[in-house]
$ cat work_3.txt   # compact mmCIF, C-alpha atoms and all ligand atoms
# COMPACT_ATOMS: atom_id res chain seq x y z
CA MET A 224 0.00 0.00 0.00
CA GLY A 225 1.40 3.36 -1.00
CA ASP A 226 2.00 6.10 1.49
CA THR A 227 -0.55 8.76 0.66
CA SER A 228 0.22 10.81 3.72
CA GLY A 229 1.32 14.40 3.64
CA GLN A 230 3.22 16.59 6.05
CA GLY A 231 0.55 16.17 8.64
CA ARG A 232 1.60 12.58 9.18
CA GLN A 233 5.03 13.58 10.44
CA ALA A 234 5.75 14.13 14.10
CA GLY A 235 5.80 17.84 14.81
CA GLY A 236 3.68 18.62 11.76
CA THR A 237 1.55 21.73 11.64
CA PRO A 238 -2.15 21.94 12.44
CA ARG A 239 -2.80 23.11 8.87
CA ALA A 240 -1.07 20.11 7.31
CA ALA A 241 -2.87 17.74 9.65
CA LEU A 242 -6.23 19.25 8.73
CA ALA A 243 -5.43 19.04 5.03
CA ASP A 244 -4.62 15.34 5.40
CA LEU A 245 -7.85 14.62 7.27
CA LEU A 246 -9.98 16.43 4.68
CA ALA A 247 -8.14 14.71 1.83
CA GLY A 248 -9.07 11.39 3.44
CA ASN A 249 -12.70 12.45 3.66
CA ARG A 250 -12.66 13.34 -0.05
CA ARG A 251 -11.36 9.86 -0.86
CA PHE A 252 -14.16 8.41 1.26
CA VAL A 253 -16.83 10.57 -0.39
CA SER A 254 -15.57 9.69 -3.86
CA GLY A 255 -15.82 5.99 -3.12
CA GLN A 256 -12.07 5.54 -3.56
CA PRO A 257 -10.63 4.95 -0.09
CA VAL A 258 -7.10 3.60 -0.02
CA HIS A 259 -7.19 2.37 3.57
CA GLY A 260 -10.80 1.42 4.08
CA HIS A 261 -10.51 -2.06 2.65
CA ASP A 262 -7.37 -3.04 4.51
CA VAL A 263 -8.73 -3.88 7.94
CA THR A 264 -6.48 -6.86 8.49
CA ALA A 265 -4.31 -7.87 11.41
CA ALA A 266 -1.30 -7.60 9.09
CA ALA A 267 -2.13 -3.97 8.32
CA ALA A 268 -2.54 -3.25 12.01
CA ALA A 269 0.80 -4.87 12.80
CA ALA A 270 2.50 -2.85 10.06
CA SER A 271 1.60 0.39 11.81
CA GLY A 272 4.42 -0.16 14.32
CA ASP A 273 4.77 2.57 16.91
CA GLN A 274 1.88 4.96 16.86
CA GLN A 275 2.54 8.41 15.48
CA PRO A 276 -0.95 9.83 15.11
CA TYR A 277 -1.27 13.26 13.56
CA ALA A 278 -4.78 14.16 14.72
CA VAL A 279 -7.35 13.37 17.36
CA VAL A 280 -10.99 13.31 16.34
CA LEU A 281 -13.74 13.64 18.94
CA GLY A 282 -17.06 12.47 17.57
CA CYS A 283 -20.41 10.97 18.46
CA ILE A 284 -21.10 7.30 19.20
CA ASP A 285 -23.60 7.23 16.30
CA SER A 286 -23.16 3.91 14.48
CA ARG A 287 -23.38 5.66 11.11
CA VAL A 288 -20.31 7.80 11.74
CA PRO A 289 -17.24 5.54 12.04
CA LEU A 290 -14.45 8.07 12.21
CA GLU A 291 -11.51 6.11 10.82
CA ALA A 292 -13.63 5.15 7.82
CA ILE A 293 -15.04 8.57 6.98
CA PHE A 294 -11.53 10.04 7.00
CA ASP A 295 -10.05 6.99 5.23
CA GLN A 296 -7.33 6.58 7.83
CA THR A 297 -5.16 3.57 8.46
CA PHE A 298 -3.97 2.09 11.74
CA GLY A 299 -1.80 4.45 13.76
CA ALA A 300 -2.92 7.60 11.95
CA ILE A 301 -5.55 9.19 14.17
CA CYS A 302 -6.73 8.89 17.74
CA VAL A 303 -10.48 8.62 18.07
CA ILE A 304 -12.70 9.50 21.03
CA ARG A 305 -16.43 8.96 20.81
CA THR A 306 -19.14 9.87 23.30
CA GLY A 307 -22.86 10.54 22.91
CA GLY A 308 -23.11 13.93 21.20
CA HIS A 309 -19.30 14.24 21.57
CA VAL A 310 -19.92 15.44 25.11
CA LEU A 311 -16.84 16.23 27.18
CA ASP A 312 -16.00 14.87 30.58
CA ARG A 313 -12.74 14.59 32.52
CA ALA A 314 -11.76 11.33 30.86
CA VAL A 315 -12.27 12.82 27.40
CA CYS A 316 -10.32 15.98 28.24
CA GLY A 317 -7.54 13.98 29.87
CA SER A 318 -7.31 11.75 26.81
CA ILE A 319 -7.00 14.74 24.49
CA GLU A 320 -4.43 16.33 26.80
CA TYR A 321 -2.43 13.10 26.63
CA VAL A 322 -2.54 12.87 22.86
CA VAL A 323 -1.56 16.52 22.40
CA GLY A 324 0.97 16.74 25.22
CA GLN A 325 2.59 13.32 25.11
CA LEU A 326 2.21 12.27 21.48
CA GLY A 327 2.68 15.76 20.01
CA VAL A 328 -0.51 15.71 17.96
CA PRO A 329 -1.15 19.18 16.44
CA LEU A 330 -4.85 18.91 15.58
CA VAL A 331 -8.05 18.30 17.52
CA LEU A 332 -11.18 17.99 15.38
CA VAL A 333 -14.60 18.05 17.03
CA LEU A 334 -17.06 16.40 14.65
CA GLY A 335 -20.79 16.73 15.06
CA HIS A 336 -23.31 15.23 12.67
CA GLU A 337 -26.78 15.90 11.35
CA ARG A 338 -29.74 14.18 13.07
CA CYS A 339 -27.74 13.54 16.24
CA GLY A 340 -29.81 11.46 18.66
CA ALA A 341 -28.14 12.98 21.72
CA VAL A 342 -29.09 16.48 20.61
CA GLY A 343 -32.60 15.28 19.75
CA ALA A 344 -32.93 13.71 23.21
CA THR A 345 -31.85 17.00 24.77
CA VAL A 346 -34.45 18.92 22.78
CA ASP A 347 -37.10 16.42 23.93
CA ALA A 348 -35.96 16.67 27.56
CA LEU A 349 -36.08 20.45 27.56
CA ARG A 350 -39.47 20.57 25.86
CA SER A 351 -41.01 18.03 28.20
CA GLY A 352 -39.25 19.30 31.29
CA VAL A 353 -38.26 15.75 32.15
CA ARG A 354 -34.55 15.36 32.85
CA PRO A 355 -33.39 11.77 32.26
CA GLY A 356 -31.93 9.78 35.10
CA GLY A 357 -28.55 8.20 35.51
CA SER A 358 -25.50 9.41 33.66
CA LEU A 359 -27.64 10.18 30.62
CA ALA A 360 -28.46 13.37 32.50
CA HIS A 361 -24.83 14.43 32.04
CA LEU A 362 -25.18 14.29 28.26
CA VAL A 363 -28.41 16.28 28.34
CA ASP A 364 -26.99 18.85 30.76
CA GLU A 365 -23.92 19.37 28.59
CA ILE A 366 -25.89 19.77 25.35
CA ALA A 367 -28.71 21.85 26.87
CA PRO A 368 -26.96 25.26 26.63
CA ALA A 369 -26.57 24.86 22.87
CA VAL A 370 -30.25 23.97 22.52
CA THR A 371 -31.29 26.93 24.64
CA GLU A 372 -29.07 29.27 22.61
CA ALA A 373 -30.53 27.93 19.38
CA GLY A 374 -34.04 28.59 20.68
CA LEU A 375 -36.26 25.77 21.87
CA ASP A 376 -39.21 27.14 19.88
CA ASP A 377 -37.29 27.43 16.63
CA PRO A 378 -38.49 24.78 14.13
CA ALA A 379 -34.86 24.32 13.12
CA VAL A 380 -33.65 24.00 16.71
CA GLN A 381 -31.98 20.65 16.18
CA PRO A 382 -29.68 21.53 13.24
CA LEU A 383 -28.95 24.91 14.83
CA ALA A 384 -28.19 23.33 18.20
CA ILE A 385 -25.85 20.77 16.65
CA ARG A 386 -23.73 23.56 15.18
CA ARG A 387 -23.74 25.55 18.40
CA HIS A 388 -22.83 22.47 20.39
CA VAL A 389 -19.83 21.80 18.15
CA ARG A 390 -18.66 25.40 18.55
CA ARG A 391 -19.17 25.32 22.33
CA THR A 392 -17.13 22.13 22.54
CA VAL A 393 -14.36 23.68 20.45
CA HIS A 394 -14.27 26.75 22.69
CA THR A 395 -14.19 24.63 25.84
CA LEU A 396 -11.25 22.62 24.55
CA ARG A 397 -9.35 25.73 23.42
CA ALA A 398 -9.61 27.01 27.01
CA ASP A 399 -8.59 23.68 28.57
CA ASP A 400 -5.80 24.03 31.16
CA LEU A 401 -3.25 22.03 29.19
CA LEU A 402 -4.39 22.94 25.69
CA ALA A 403 -4.74 26.73 25.94
CA GLY A 404 -0.98 27.34 25.85
CA PRO A 405 -0.21 25.24 22.75
CA VAL A 406 -3.31 26.67 21.03
CA ALA A 407 -2.24 30.25 21.78
CA ALA A 408 1.25 29.45 20.46
CA GLY A 409 -0.19 28.07 17.23
CA ARG A 410 1.28 24.59 17.78
CA VAL A 411 -2.15 23.05 18.19
CA ALA A 412 -5.46 23.84 16.54
CA VAL A 413 -8.91 22.86 17.77
CA VAL A 414 -11.45 23.01 14.96
CA GLY A 415 -15.07 21.98 14.54
CA GLY A 416 -16.81 20.20 11.72
CA LEU A 417 -20.07 18.59 10.71
CA TYR A 418 -20.60 15.23 9.06
CA ASP A 419 -23.38 14.91 6.49
CA LEU A 420 -25.04 11.52 6.82
CA ALA A 421 -26.40 11.72 3.28
CA THR A 422 -23.22 12.56 1.39
CA GLY A 423 -20.46 11.42 3.75
CA GLU A 424 -18.94 14.86 3.53
CA VAL A 425 -17.23 16.69 6.39
CA VAL A 426 -17.64 20.47 6.36
CA LEU A 427 -15.64 22.68 8.69
CA LEU A 428 -17.46 25.18 10.89
CA ASP A 429 -16.03 28.59 11.57
CA ALA A 430 -15.31 29.25 15.21
CA GLY A 431 -18.19 31.77 15.47
ZN ZN B 1 -24.85 11.85 17.49
$ encode --input "work_3.txt" --output "structure tokens" --more "lines below"
Ligand SMILES: [Zn+2]
Amino acid sequence: MGDTSGQGRQAGGTPRAALADLLAGNRRFVSGQPVHGHDVTAAAAAASGDQQPYAVVLGCIDSRVPLEAIFDQTFGAICVIRTGGHVLDRAVCGSIEYVVGQLGVPLVLVLGHERCGAVGATVDALRSGVRPGGSLAHLVDEIAPAVTEAGLDDPAVQPLAIRRHVRRTVHTLRADDLLAGPVAAGRVAVVGGLYDLATGEVVLLDAG
């Protein structure tokens, strides 16, 4: 298998190069011509050797959004964290801090997606006034500010809230204790994006 990686794959690469590599992978995926997607063998995994990931992607648990596949990435290329509605908690933040601080990864991509069930559940909870029990309440509580900002009465509240929730998550990570310094220095970028379930395309969101 040829090495289709760019500068972003090298240790100490720039956030811009890492982002370009991720988006190039998504274009291969969208075009139906992935170069890594078919090679999910133990031999391919073993060939990855030491891990030198160039990006960390935080996405939703949604079964339709497998992150390595939609970015056409091979073993060892990206670190992936998935939670319902890509909600943050200490374990998620600590994992990102580890990847950035210890592995030198220059890019954090927060990826929301259309028709997110976690955001829909939050809209339902706020409209009904019934907060779910258990740890599900944590997901709803974390997504609720984005829904409120979007406007609970807005017919388009769900797509609007998804975008706001991605941006809020990006802003939270940029202000993280261990990430704020590298972000301010330009060594690390935290960016947000949206995945389109219909086309497979990832579109970046401005920080707004
Ligand atoms: Zn989701």
$ closest_residue --input "work_3.txt" --among "A:Arg250, A:Arg354, A:His388, A:Arg313" --to "ligand ZN 1 (chain B)" --atoms "only C-alpha atoms and all ligand atoms"
A:His388
$ closest_residue --input "work_3.txt" --among "A:Leu290, A:Ala241, A:Ala344, A:Leu281" --to "Ile304 in chain A" --atoms "all atoms listed in the file"
A:Leu281
$ residues_near_ligand --input "work_3.txt" --ligand "ligand ZN 1 (chain B)" --cutoff "10 Å" --atoms "only C-alpha atoms and all ligand atoms" --output "list in words"
Gly282, Cys283, Ile284, Asp285, Ser286, Arg287, Val288, Arg305, Thr306, Gly307, Gly308, His309, Val310, Leu334, Gly335, His336, Glu337, Arg338, Cys339, Gly340, Ala341, Val342, Gly343 and Ile385 of chain A
$ atom_distance --input "work_3.txt" --atom1 "CA of Leu362 in chain A" --atom2 "CA of Asp312 in chain A"
9.5 Å
$ closest_atom_pairs --input "work_3.txt" --of "range 372-417 of chain A" --to "range 345-353 of chain A" --cutoff "12 Å" --atoms "all atoms listed in the file" --output "tab-separated table"
residue	atom	partner	partner_atom	distance
A:Glu372	CA	A:Val346	CA	11.7
A:Ala373	CA	A:Val346	CA	10.4
A:Gly374	CA	A:Val346	CA	9.9
A:Leu375	CA	A:Val346	CA	7.1
A:Asp376	CA	A:Arg350	CA	8.9
A:Asp377	CA	A:Val346	CA	10.9
A:Pro378	CA	A:Val346	CA	11.2
A:Ala379	CA	A:Val346	CA	11.1
A:Val380	CA	A:Val346	CA	8.0
A:Gln381	CA	A:Val346	CA	7.3
A:Pro382	CA	A:Val346	CA	11.0
A:Leu383	CA	A:Val346	CA	11.4
A:Ala384	CA	A:Val346	CA	8.9
A:Ile385	CA	A:Val346	CA	10.7
A:His388	CA	A:Thr345	CA	11.4
$ write_last_selection --input "work_3.txt" --atoms "C-alpha atoms" --output "PDB file, in the coordinates of the input"
ATOM      1  CA  GLU A 372     -29.070  29.270  22.610  1.00  0.00           C
ATOM      2  CA  ALA A 373     -30.530  27.930  19.380  1.00  0.00           C
ATOM      3  CA  GLY A 374     -34.040  28.590  20.680  1.00  0.00           C
ATOM      4  CA  LEU A 375     -36.260  25.770  21.870  1.00  0.00           C
ATOM      5  CA  ASP A 376     -39.210  27.140  19.880  1.00  0.00           C
ATOM      6  CA  ASP A 377     -37.290  27.430  16.630  1.00  0.00           C
ATOM      7  CA  PRO A 378     -38.490  24.780  14.130  1.00  0.00           C
ATOM      8  CA  ALA A 379     -34.860  24.320  13.120  1.00  0.00           C
ATOM      9  CA  VAL A 380     -33.650  24.000  16.710  1.00  0.00           C
ATOM     10  CA  GLN A 381     -31.980  20.650  16.180  1.00  0.00           C
ATOM     11  CA  PRO A 382     -29.680  21.530  13.240  1.00  0.00           C
ATOM     12  CA  LEU A 383     -28.950  24.910  14.830  1.00  0.00           C
ATOM     13  CA  ALA A 384     -28.190  23.330  18.200  1.00  0.00           C
ATOM     14  CA  ILE A 385     -25.850  20.770  16.650  1.00  0.00           C
ATOM     15  CA  HIS A 388     -22.830  22.470  20.390  1.00  0.00           C
TER      16      HIS A 388
END
$ residues_near_point --input "work_3.txt" --point "(-17.6, 16.2, 10.2)" --cutoff "8 Å" --atoms "only C-alpha atoms" --output "PyMOL selection string"
chain A and resi 333-336+415-419+424-427
$ residues_around --input "work_3.txt" --residues "range 317-331 of chain A" --least-positions-apart "6" --cutoff "10 Å" --atoms "all atoms listed in the file" --output "ChimeraX atom specification"
/A:231-242,245,274-281,301-304,311,393,396-397,399-402,405-406,409-415
$ atom_distance --input "work_3.txt" --atom1 "CA of Gly248 in chain A" --atom2 "CA of Phe294 in chain A"
4.5 Å
$ atom_distance --input "work_3.txt" --atom1 "CA of Cys316 in chain A" --atom2 "CA of Ala398 in chain A"
11.1 Å
$ residues_around --input "work_3.txt" --residues "Ala269 in chain A" --least-positions-apart "6" --cutoff "12 Å" --atoms "all atoms listed in the file" --output "list in words"
Asp262, Val263, Thr297, Phe298 and Gly299 of chain A
$ closest_residue --input "work_3.txt" --among "A:His394, A:Ser358, A:Pro257, A:Ile293" --to "Leu420 in chain A" --atoms "only C-alpha atoms"
A:Ile293
$ closest_residue --input "work_3.txt" --among "A:Pro289, A:Asp429, A:Ile366, A:Thr392" --to "Phe252 in chain A" --atoms "all atoms listed in the file"
A:Pro289
